[in-house]
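Chemist: Contents of start_1.csv (CSV, C-alpha atoms and all ligand atoms) are given next:
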chain,number,residue,atom,x,y,z
A,1003,MET,CA,16.5,1.9,9.4
A,1004,TYR,CA,18.1,1.5,5.9
A,1005,LYS,CA,20.4,4.3,4.9
A,1006,ILE,CA,20.5,5.8,1.4
A,1007,VAL,CA,24.2,5.9,0.6
A,1008,LYS,CA,23.9,7.2,-3.0
A,1009,LYS,CA,21.2,9.1,-5.0
A,1010,GLU,CA,21.5,9.8,-8.7
A,1011,ARG,CA,19.0,11.4,-11.1
A,1012,LEU,CA,18.9,9.1,-14.2
A,1013,ALA,CA,16.4,11.1,-16.2
A,1014,SER,CA,13.5,13.4,-15.6
A,1015,GLY,CA,11.6,12.0,-12.7
A,1016,ILE,CA,13.7,8.8,-12.4
A,1017,TYR,CA,16.1,8.3,-9.5
A,1018,LEU,CA,18.6,5.6,-8.6
A,1019,MET,CA,19.3,4.9,-5.0
A,1020,ASP,CA,21.9,2.7,-3.3
A,1021,ILE,CA,20.5,1.4,0.0
A,1022,GLU,CA,22.5,-0.1,2.8
A,1023,ALA,CA,20.8,-3.5,3.3
A,1024,PRO,CA,23.4,-6.2,3.8
A,1025,ARG,CA,21.0,-9.1,4.4
A,1026,VAL,CA,18.9,-8.4,1.4
A,1027,ALA,CA,22.1,-7.9,-0.8
A,1028,ARG,CA,23.4,-11.3,0.3
A,1029,ALA,CA,20.3,-13.2,-0.7
A,1030,ALA,CA,19.1,-11.2,-3.8
A,1031,LEU,CA,18.8,-12.8,-7.2
A,1032,PRO,CA,17.8,-11.3,-10.6
A,1033,GLY,CA,14.0,-10.9,-11.0
A,1034,GLN,CA,13.2,-10.4,-7.3
A,1035,PHE,CA,11.8,-7.3,-5.6
A,1036,VAL,CA,11.8,-5.5,-2.2
A,1037,ILE,CA,9.0,-3.8,-0.2
A,1038,VAL,CA,9.9,-0.4,1.0
A,1039,ARG,CA,8.1,1.6,3.7
A,1040,ILE,CA,9.1,5.2,4.3
A,1041,HIS,CA,7.5,6.0,7.6
A,1042,GLU,CA,5.2,4.3,10.3
A,1043,LYS,CA,2.0,5.2,8.5
A,1044,GLY,CA,3.4,4.8,5.0
A,1045,GLU,CA,2.1,2.2,2.5
A,1046,ARG,CA,4.2,-0.8,1.4
A,1047,ILE,CA,5.8,-0.1,-1.9
A,1048,PRO,CA,7.1,-3.0,-4.0
A,1049,LEU,CA,10.1,-2.1,-6.1
A,1050,THR,CA,12.2,-4.3,-8.4
A,1051,ILE,CA,15.9,-4.8,-7.5
A,1052,CYS,CA,18.1,-3.1,-10.1
A,1053,ASP,CA,21.5,-4.2,-8.7
A,1054,TYR,CA,23.0,-5.7,-5.5
A,1055,SER,CA,26.5,-6.2,-4.1
A,1056,ALA,CA,26.8,-8.8,-1.3
A,1057,GLU,CA,30.4,-7.5,-0.6
A,1058,GLN,CA,29.3,-3.9,-0.1
A,1059,GLY,CA,26.0,-4.8,1.5
A,1060,ILE,CA,24.2,-2.5,-1.0
A,1061,VAL,CA,20.9,-2.9,-2.9
A,1062,THR,CA,20.1,-0.6,-5.8
A,1063,ILE,CA,16.6,0.5,-6.6
A,1064,VAL,CA,15.2,2.8,-9.3
A,1065,THR,CA,12.1,4.8,-8.7
A,1066,GLN,CA,10.0,6.9,-11.1
A,1067,VAL,CA,7.9,9.8,-9.7
A,1068,VAL,CA,4.4,8.7,-10.6
A,1069,GLY,CA,2.3,9.1,-7.5
A,1070,ALA,CA,2.3,10.0,-3.8
A,1071,SER,CA,4.5,7.2,-2.5
A,1072,SER,CA,7.1,7.3,-5.3
A,1073,LYS,CA,7.3,11.1,-4.9
A,1074,MET,CA,8.1,10.6,-1.1
A,1075,ILE,CA,10.8,8.1,-1.9
A,1076,CYS,CA,12.3,10.4,-4.6
A,1077,ALA,CA,12.3,13.4,-2.2
A,1078,LYS,CA,14.7,11.5,0.1
A,1079,ASN,CA,18.4,12.3,-0.2
A,1080,GLU,CA,21.8,10.7,0.5
A,1081,GLY,CA,22.1,10.2,4.3
A,1082,ASP,CA,18.4,9.9,4.8
A,1083,SER,CA,16.9,6.4,5.7
A,1084,LEU,CA,14.0,4.3,4.8
A,1085,LEU,CA,12.0,2.7,7.6
A,1086,ASP,CA,11.6,-0.8,6.1
A,1087,PHE,CA,13.4,-2.5,3.3
A,1088,VAL,CA,12.1,-6.1,3.1
A,1089,GLY,CA,13.3,-8.8,0.7
A,1090,PRO,CA,14.3,-10.3,-1.5
A,1091,LEU,CA,10.8,-11.3,-2.4
A,1092,GLY,CA,9.1,-13.1,-5.4
A,1093,GLN,CA,10.6,-15.9,-7.5
A,1094,PRO,CA,14.0,-15.3,-9.1
A,1095,SER,CA,14.2,-15.4,-12.9
A,1096,GLU,CA,13.8,-19.0,-14.2
A,1097,PHE,CA,17.2,-19.0,-15.8
A,1098,VAL,CA,19.1,-18.9,-12.5
A,1099,ASN,CA,18.1,-22.6,-12.1
A,1100,GLU,CA,19.7,-23.6,-15.4
A,1101,THR,CA,23.3,-24.7,-15.8
A,1102,SER,CA,25.8,-22.3,-17.5
A,1103,GLU,CA,26.3,-24.9,-20.2
A,1104,LYS,CA,22.6,-25.0,-21.1
A,1105,LEU,CA,22.3,-21.2,-21.0
A,1106,ARG,CA,25.4,-20.9,-23.3
A,1107,GLU,CA,23.6,-22.9,-26.0
A,1108,LYS,CA,20.6,-20.5,-26.0
A,1109,LYS,CA,20.3,-17.2,-27.9
A,1110,ILE,CA,18.5,-14.9,-25.5
A,1111,LEU,CA,17.1,-11.5,-26.2
A,1112,PHE,CA,16.1,-9.1,-23.5
A,1113,ILE,CA,13.6,-6.3,-24.4
A,1114,ALA,CA,13.6,-3.5,-21.9
A,1115,GLY,CA,11.0,-0.7,-22.2
A,1116,GLY,CA,11.5,2.6,-20.3
A,1117,LEU,CA,11.8,2.0,-16.6
A,1118,GLY,CA,11.7,-1.7,-17.2
A,1119,THR,CA,15.4,-1.3,-18.1
A,1120,ALA,CA,16.1,-1.3,-14.3
A,1121,PRO,CA,15.0,-4.9,-13.6
A,1122,VAL,CA,16.5,-6.1,-16.8
A,1123,TYR,CA,20.0,-4.9,-15.8
A,1124,PRO,CA,20.6,-7.4,-12.9
A,1125,GLN,CA,19.5,-10.3,-15.2
A,1126,VAL,CA,21.9,-9.4,-18.0
A,1127,LYS,CA,24.7,-8.8,-15.4
A,1128,TRP,CA,24.1,-12.2,-13.7
A,1129,LEU,CA,24.4,-13.9,-17.1
A,1130,TYR,CA,27.5,-11.9,-18.1
A,1131,GLU,CA,29.2,-12.9,-14.9
A,1132,LYS,CA,28.6,-16.6,-15.8
A,1133,GLY,CA,30.1,-15.9,-19.3
A,1134,ILE,CA,26.8,-15.9,-21.1
A,1135,SER,CA,26.4,-13.2,-23.8
A,1136,VAL,CA,22.9,-12.0,-24.6
A,1137,ASP,CA,21.3,-9.3,-26.9
A,1138,VAL,CA,19.4,-6.4,-25.4
A,1139,ILE,CA,16.9,-4.0,-26.9
A,1140,ILE,CA,16.3,-0.9,-24.9
A,1141,GLY,CA,13.4,1.3,-25.8
A,1142,ALA,CA,12.3,4.8,-24.6
A,1143,LYS,CA,10.2,7.7,-25.7
A,1144,ASN,CA,13.3,9.7,-26.5
A,1145,LYS,CA,17.0,9.7,-25.9
A,1146,ASP,CA,16.7,11.7,-22.7
A,1147,LEU,CA,14.5,9.0,-21.1
A,1148,LEU,CA,17.0,6.1,-21.9
A,1149,ILE,CA,18.4,4.9,-18.6
A,1150,LEU,CA,21.4,2.7,-17.6
A,1151,GLN,CA,22.8,2.6,-21.1
A,1152,ASN,CA,26.4,2.6,-20.0
A,1153,GLU,CA,25.8,0.0,-17.3
A,1154,MET,CA,24.1,-2.2,-19.8
A,1155,LYS,CA,26.9,-1.8,-22.4
A,1156,ALA,CA,29.4,-3.0,-19.7
A,1157,VAL,CA,27.6,-6.3,-19.5
A,1158,SER,CA,26.4,-6.9,-23.1
A,1159,LYS,CA,28.1,-6.4,-26.4
A,1160,ASN,CA,24.9,-6.3,-28.4
A,1161,ILE,CA,22.8,-3.4,-27.3
A,1162,TYR,CA,20.1,-2.1,-29.7
A,1163,ILE,CA,18.4,1.2,-29.0
A,1164,ALA,CA,14.9,2.2,-30.1
A,1165,THR,CA,13.3,5.6,-29.4
A,1166,ASP,CA,9.8,6.4,-30.3
A,1167,ASP,CA,10.8,9.8,-31.8
A,1168,GLY,CA,14.0,8.6,-33.5
A,1169,SER,CA,16.3,10.8,-31.4
A,1170,LEU,CA,18.7,7.8,-30.9
A,1171,GLY,CA,18.9,4.5,-32.7
A,1172,PHE,CA,16.0,2.8,-34.4
A,1173,LYS,CA,13.0,5.1,-34.8
A,1174,GLY,CA,9.9,3.3,-33.5
A,1175,LEU,CA,8.8,0.9,-30.8
A,1176,VAL,CA,10.8,-2.0,-29.4
A,1177,THR,CA,8.5,-4.4,-31.3
A,1178,GLY,CA,9.5,-2.7,-34.6
A,1179,LEU,CA,13.2,-3.1,-33.8
A,1180,PHE,CA,12.6,-6.8,-32.9
A,1181,ASP,CA,10.9,-7.4,-36.3
A,1182,LYS,CA,13.8,-5.6,-38.0
A,1183,LEU,CA,16.4,-7.8,-36.3
A,1184,VAL,CA,14.5,-11.0,-37.1
A,1185,LYS,CA,14.1,-9.9,-40.8
A,1186,GLU,CA,17.9,-9.2,-40.9
A,1187,GLY,CA,18.5,-12.9,-39.9
A,1188,LYS,CA,18.8,-12.8,-36.1
A,1189,THR,CA,17.3,-15.9,-34.4
A,1190,TYR,CA,16.4,-16.3,-30.7
A,1191,ASP,CA,15.4,-19.2,-28.5
A,1192,GLU,CA,14.1,-17.0,-25.7
A,1193,VAL,CA,12.8,-13.4,-25.2
A,1194,ILE,CA,12.6,-11.8,-21.8
A,1195,ALA,CA,10.5,-8.6,-21.9
A,1196,VAL,CA,10.1,-6.1,-19.0
A,1197,GLY,CA,8.4,-2.7,-19.4
A,1198,PRO,CA,4.9,-1.2,-19.6
A,1199,MET,CA,2.1,-3.8,-19.7
A,1200,ILE,CA,1.1,-2.8,-23.2
A,1201,MET,CA,4.6,-3.3,-24.5
A,1202,MET,CA,4.8,-6.8,-23.0
A,1203,LYS,CA,1.4,-7.6,-24.6
A,1204,PHE,CA,2.7,-6.6,-28.0
A,1205,VAL,CA,6.1,-8.3,-27.5
A,1206,ALA,CA,4.4,-11.5,-26.7
A,1207,ALA,CA,2.2,-11.1,-29.8
A,1208,ALA,CA,5.3,-10.4,-31.9
A,1209,THR,CA,7.3,-13.5,-30.7
A,1210,LYS,CA,4.4,-15.9,-30.9
A,1211,PRO,CA,4.4,-16.5,-34.7
A,1212,TYR,CA,8.1,-17.5,-34.4
A,1213,GLY,CA,7.4,-19.9,-31.5
A,1214,ILE,CA,10.0,-18.0,-29.3
A,1215,LYS,CA,9.6,-18.7,-25.6
A,1216,THR,CA,8.7,-15.3,-24.0
A,1217,THR,CA,8.9,-14.3,-20.4
A,1218,VAL,CA,7.3,-11.1,-19.1
A,1219,SER,CA,7.5,-9.4,-15.7
A,1220,LEU,CA,4.2,-8.2,-14.2
A,1221,ASN,CA,5.7,-6.2,-11.3
A,1222,THR,CA,3.5,-3.2,-12.2
A,1223,LEU,CA,0.4,-5.1,-11.0
A,1224,MET,CA,1.6,-5.3,-7.4
A,1225,VAL,CA,0.2,-3.1,-4.7
A,1226,ASP,CA,1.3,-4.3,-1.3
A,1227,GLY,CA,3.5,-7.2,-2.5
A,1228,THR,CA,2.5,-9.4,0.5
A,1229,GLY,CA,0.1,-11.9,-1.1
A,1230,MET,CA,-2.8,-10.6,0.9
A,1231,CYS,CA,-4.4,-7.7,-1.0
A,1232,GLY,CA,-5.3,-9.7,-4.1
A,1233,ALA,CA,-4.5,-6.7,-6.4
A,1234,CYS,CA,-1.9,-8.6,-8.4
A,1235,ARG,CA,-4.2,-11.5,-9.4
A,1236,VAL,CA,-3.7,-12.5,-13.0
A,1237,SER,CA,-4.8,-15.3,-15.3
A,1238,VAL,CA,-1.9,-17.3,-16.7
A,1239,GLY,CA,-2.9,-20.3,-19.0
A,1240,GLY,CA,-6.4,-20.1,-17.5
A,1241,LYS,CA,-5.2,-20.4,-13.9
A,1242,ILE,CA,-5.2,-17.7,-11.3
A,1243,ARG,CA,-1.8,-16.6,-10.2
A,1244,PHE,CA,-0.6,-14.0,-7.7
A,1245,THR,CA,2.2,-11.9,-9.2
A,1246,CYS,CA,3.9,-11.2,-5.9
A,1247,VAL,CA,4.0,-14.8,-4.8
A,1248,ASP,CA,4.0,-16.9,-8.0
A,1249,GLY,CA,5.8,-14.3,-10.1
A,1250,PRO,CA,6.6,-11.6,-11.0
A,1251,GLU,CA,7.8,-13.4,-14.2
A,1252,PHE,CA,5.3,-15.5,-16.2
A,1253,ASP,CA,5.0,-17.1,-19.7
A,1254,GLY,CA,4.0,-14.1,-21.9
A,1255,HIS,CA,2.1,-16.4,-24.3
A,1256,GLN,CA,-0.2,-17.6,-21.4
A,1257,VAL,CA,-0.9,-14.2,-19.7
A,1258,ASP,CA,-4.3,-12.7,-20.1
A,1259,PHE,CA,-3.0,-9.2,-20.9
A,1260,ASP,CA,-6.4,-7.6,-21.4
A,1261,GLU,CA,-7.4,-8.6,-17.9
A,1262,ALA,CA,-4.1,-7.4,-16.5
A,1263,LEU,CA,-4.4,-4.0,-18.3
A,1264,ARG,CA,-8.0,-3.6,-16.8
A,1265,ARG,CA,-6.7,-4.5,-13.3
A,1266,GLN,CA,-3.8,-2.0,-13.6
A,1267,SER,CA,-6.2,0.9,-14.6
A,1268,MET,CA,-8.4,0.2,-11.5
A,1269,TYR,CA,-5.9,1.8,-9.2
A,1270,ARG,CA,-5.2,4.9,-11.2
A,1271,GLU,CA,-8.0,7.0,-9.7
A,1272,ILE,CA,-7.0,6.1,-6.2
A,1273,GLU,CA,-3.4,6.9,-6.9
A,1274,LYS,CA,-4.4,10.3,-8.4
A,1275,GLU,CA,-6.3,11.2,-5.2
A,1276,ALA,CA,-3.3,10.2,-3.0
A,1277,ASP,CA,-1.1,12.2,-5.3
A,1278,CYS,CA,-3.2,15.4,-4.8
A,1279,LYS,CA,-3.0,15.0,-1.0
A,1280,CYS,CA,0.7,14.5,-1.3
A,1281,LEU,CA,1.2,17.7,-3.3
A,1282,VAL,CA,-0.1,19.7,-0.3
A,1283,ASP,CA,3.2,18.8,1.4
A,1284,LYS,CA,5.4,21.6,0.0
A,1285,ASN,CA,8.6,19.9,1.0
A,1286,ILE,CA,7.9,16.8,-1.1
A,1287,HIS,CA,6.6,19.0,-4.0
A,1288,ASN,CA,9.7,21.1,-4.0
A,1289,ALA,CA,12.1,18.2,-3.8
A,1290,THR,CA,10.9,16.7,-7.0
A,1291,SER,CA,9.6,19.9,-8.6
A,1292,GLY,CA,9.3,19.7,-12.3
A,1293,ASP,CA,9.9,16.0,-12.5
A,1294,GLU,CA,6.4,14.9,-11.8
A,1295,LYS,CA,5.0,17.0,-14.6
A,1296,ASN,CA,7.0,14.9,-17.1
A,1297,ALA,CA,6.5,11.5,-15.5
A,1298,ALA,CA,4.5,8.9,-17.4
A,1299,ILE,CA,1.7,7.5,-15.2
B,1301,LIG,P1,7.2,4.0,-22.1
B,1301,LIG,O1,5.8,4.3,-22.0
B,1301,LIG,O2,8.1,5.1,-22.4
B,1301,LIG,O3,7.5,2.8,-23.0
B,1301,LIG,C1,8.8,2.2,-23.1
B,1301,LIG,C2,8.9,1.6,-24.4
B,1301,LIG,O4,8.0,0.5,-24.5
B,1301,LIG,C3,8.6,2.5,-25.6
B,1301,LIG,O5,9.7,3.3,-26.0
B,1301,LIG,C4,8.2,1.5,-26.7
B,1301,LIG,O6,9.4,1.0,-27.4
B,1301,LIG,C5,7.6,0.3,-25.9
B,1301,LIG,N1,6.2,0.4,-26.0
B,1301,LIG,C6,5.3,1.2,-25.4
B,1301,LIG,N2,4.1,0.9,-25.9
B,1301,LIG,C7,4.2,-0.1,-26.8
B,1301,LIG,C8,3.3,-0.8,-27.6
B,1301,LIG,N3,2.0,-0.5,-27.6
B,1301,LIG,N4,3.8,-1.7,-28.4
B,1301,LIG,C9,5.1,-2.1,-28.5
B,1301,LIG,N5,6.0,-1.4,-27.7
B,1301,LIG,C10,5.6,-0.4,-26.9
B,1301,LIG,O7,7.7,3.4,-20.7
B,1301,LIG,P2,7.8,4.1,-19.3
B,1301,LIG,O8,7.2,5.5,-19.3
B,1301,LIG,O9,9.2,4.0,-18.7
B,1301,LIG,O10,6.9,3.1,-18.6
B,1301,LIG,C11,6.6,3.1,-17.4
B,1301,LIG,C12,5.7,1.9,-17.2
B,1301,LIG,O11,6.6,0.8,-17.1
B,1301,LIG,C13,4.9,2.0,-16.0
B,1301,LIG,O12,3.6,1.6,-16.2
B,1301,LIG,C14,5.7,1.2,-15.0
B,1301,LIG,O13,4.9,0.7,-14.0
B,1301,LIG,C15,6.2,0.1,-16.0
B,1301,LIG,N6,7.3,-0.7,-15.4
B,1301,LIG,C16,7.2,-2.1,-15.5
B,1301,LIG,C17,8.1,-2.9,-14.9
B,1301,LIG,C18,8.0,-4.4,-15.0
B,1301,LIG,O14,8.6,-5.1,-14.2
B,1301,LIG,N7,7.2,-4.9,-15.9
B,1301,LIG,C19,9.2,-2.4,-14.2
B,1301,LIG,C20,9.3,-1.0,-14.1
B,1301,LIG,C21,8.3,-0.2,-14.7
B,1302,LIG,FE1,-1.1,-7.7,-3.0
B,1302,LIG,FE2,0.2,-9.5,-4.6
B,1302,LIG,S1,0.4,-7.4,-4.4
B,1302,LIG,S2,-1.5,-9.9,-3.2
Using structure tokens, write down the structure that the file contains.
Ligand code: NAD
Ligand code: FES
Modeler:
Amino acid sequence: MYKIVKKERLASGIYLMDIEAPRVARAALPGQFVIVRIHEKGERIPLTICDYSAEQGIVTIVTQVVGASSKMICAKNEGDSLLDFVGPLGQPSEFVNETSEKLREKKILFIAGGLGTAPVYPQVKWLYEKGISVDVIIGAKNKDLLILQNEMKAVSKNIYIATDDGSLGFKGLVTGLFDKLVKEGKTYDEVIAVGPMIMMKFVAAATKPYGIKTTVSLNTLMVDGTGMCGACRVSVGGKIRFTCVDGPEFDGHQVDFDEALRRQSMYREIEKEADCKCLVDKNIHNATSGDEKNAAI
């Protein structure tokens, strides 16, 4: 069993949890994910790693209430345990294989959209700890849905905020802010974008004319995260790839986003059905009451 040692509400329907998992914490690298199972009959839930401390034996995950399983995780409290916590899985971010000298020569921009801020944080932190400074754009629908702002500020001096409604920072989408920065004279060698699939599609389209290498993370395609269900299949440069085994990060200019978006929507109806059944459980409903109404699906 894996104990929840801390639970914090980051925004409406979004919870951070520190999990006691020393072996996973020792081996984790940025870009990787874990598979969580809540009880014997529970499904496997792939979740990206948001932080880890080998010294404390802690792995941090961030979960948004969007369906039956995420609702069950978010209903857990400090002191409760998760049945399984398997990882780290997937390929780490490509930059962990580069030398600090090479990375220092590059101008890297991270673009984090909504919940995608959680997997971006360990990447920026890993680079900061090696003395590499990067720029970060964080986008959200409004200022109340921005997460991990302070944590990100502690590991990057250049944070740019975009909100769709203009309640904080630039008014508009992350791609609008990217265009503004480039027009103001910023140059980048590499962009790493993590967020909703549609955002990553348009980030890749925005960076292409400038010839900026662009990496995207397709975590959201994963279903069981084991390489067996086939749900995370995606075409990258005309070749079939499995997100949970070959990814989750891929070259954004090579990903067939239209296929990925179609694949993602295939599971929405099934998830809705499971969610209805889950709502019958009053305990779970009450524990996250109000949050699920606001959660983006
Ligand atoms: P959201 O819908 O609020 O979008 C976040 C930001 O993305 C927006 O503020 C905007 O700046 C940008 N964006 C959205 N649509 C865009 C478009 N068409 N063009 C350019 N920019 C656009 O984000 P949310 O509600 O937090 O999103 C949740 C989604 O993110 C879920 O689908 C979840 O599965 C996914 N997610 C992805 C990852 C990943 O690894 N890729 C990780 C966690 C969550
Ligand atoms: Fe099932 Fe990758 S998530 S094969």
Chemist: Given the point (14.4, 2.0, 2.8) in the file's coordinates, find the residues that have an atom at most 8 Å from it, counting all atoms listed in the file, and give them as a list in words.
Modeler: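 Residues found, by chain and rising number: Met1003, Tyr1004, Lys1005, Ile1006, Ile1021, Val1038, Arg1039, Ile1040, Ser1083, Leu1084, Leu1085, Asp1086 and Phe1087 of chain A.
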Chemist: Between atom CA of Val1157 of chain A and atom CA of Ala1013 of chain A, measure the distance and give it in Å to one decimal.
Modeler: 21.0 Å
Chemist: What's the 9 Å shell around Ser1135 of chain A, counting all atoms listed in the file, without same-chain residues fewer than 6 positions away, as a VMD selection string?
Modeler: chain A and resid 1106 1109 to 1110 1126 1129 1157 to 1160
Chemist: With distances taken over only C-alpha atoms, which of A:Ile1113, A:Val1238, A:Ala1023, A:Ala1164 is nearest to Glu1192 of chain A?
Modeler: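 Going through A:Ile1113, A:Val1238, A:Ala1023, A:Ala1164 one by one, the smallest distance to Glu1192 of chain A is for A:Ile1113.
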Chemist: I'd like to know which of A:Gly1174, A:Gly1240, A:Pro1032, A:Gly1227 is closest to ligand LIG 1302 (chain B), using only C-alpha atoms and all ligand atoms.
Modeler: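 Counting only C-alpha atoms and all ligand atoms, the residue closest to ligand LIG 1302 (chain B) is A:Gly1227.
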Chemist: Check the smallest atom-to-atom distance from each of A:Ile1134, A:Leu1179, A:Ala1208, A:Cys1052 to Glu1100 of chain A using all atoms listed in the file, then report the winner.
Modeler: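 Going through A:Ile1134, A:Leu1179, A:Ala1208, A:Cys1052 one by one, the smallest distance to Glu1100 of chain A is for A:Ile1134.
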Chemist: Could you check the closest approach to Asp1260 of chain A for each of A:Ser1237, A:Thr1245, A:Asn1152, A:Thr1217 and tell me which residue wins, using all atoms listed in the file?
Modeler: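 Result for the nearest residue to Asp1260 of chain A: A:Ser1237.
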Chemist: Which residues are near Leu1012 of chain A? Cut-off 12 Å, only C-alpha atoms, ignore same chain within fewer than 4 positions. Put them as a ChimeraX atom specification.
Modeler: /A:1016-1019,1063-1067,1076,1116-1117,1119-1120,1145-1153,1293
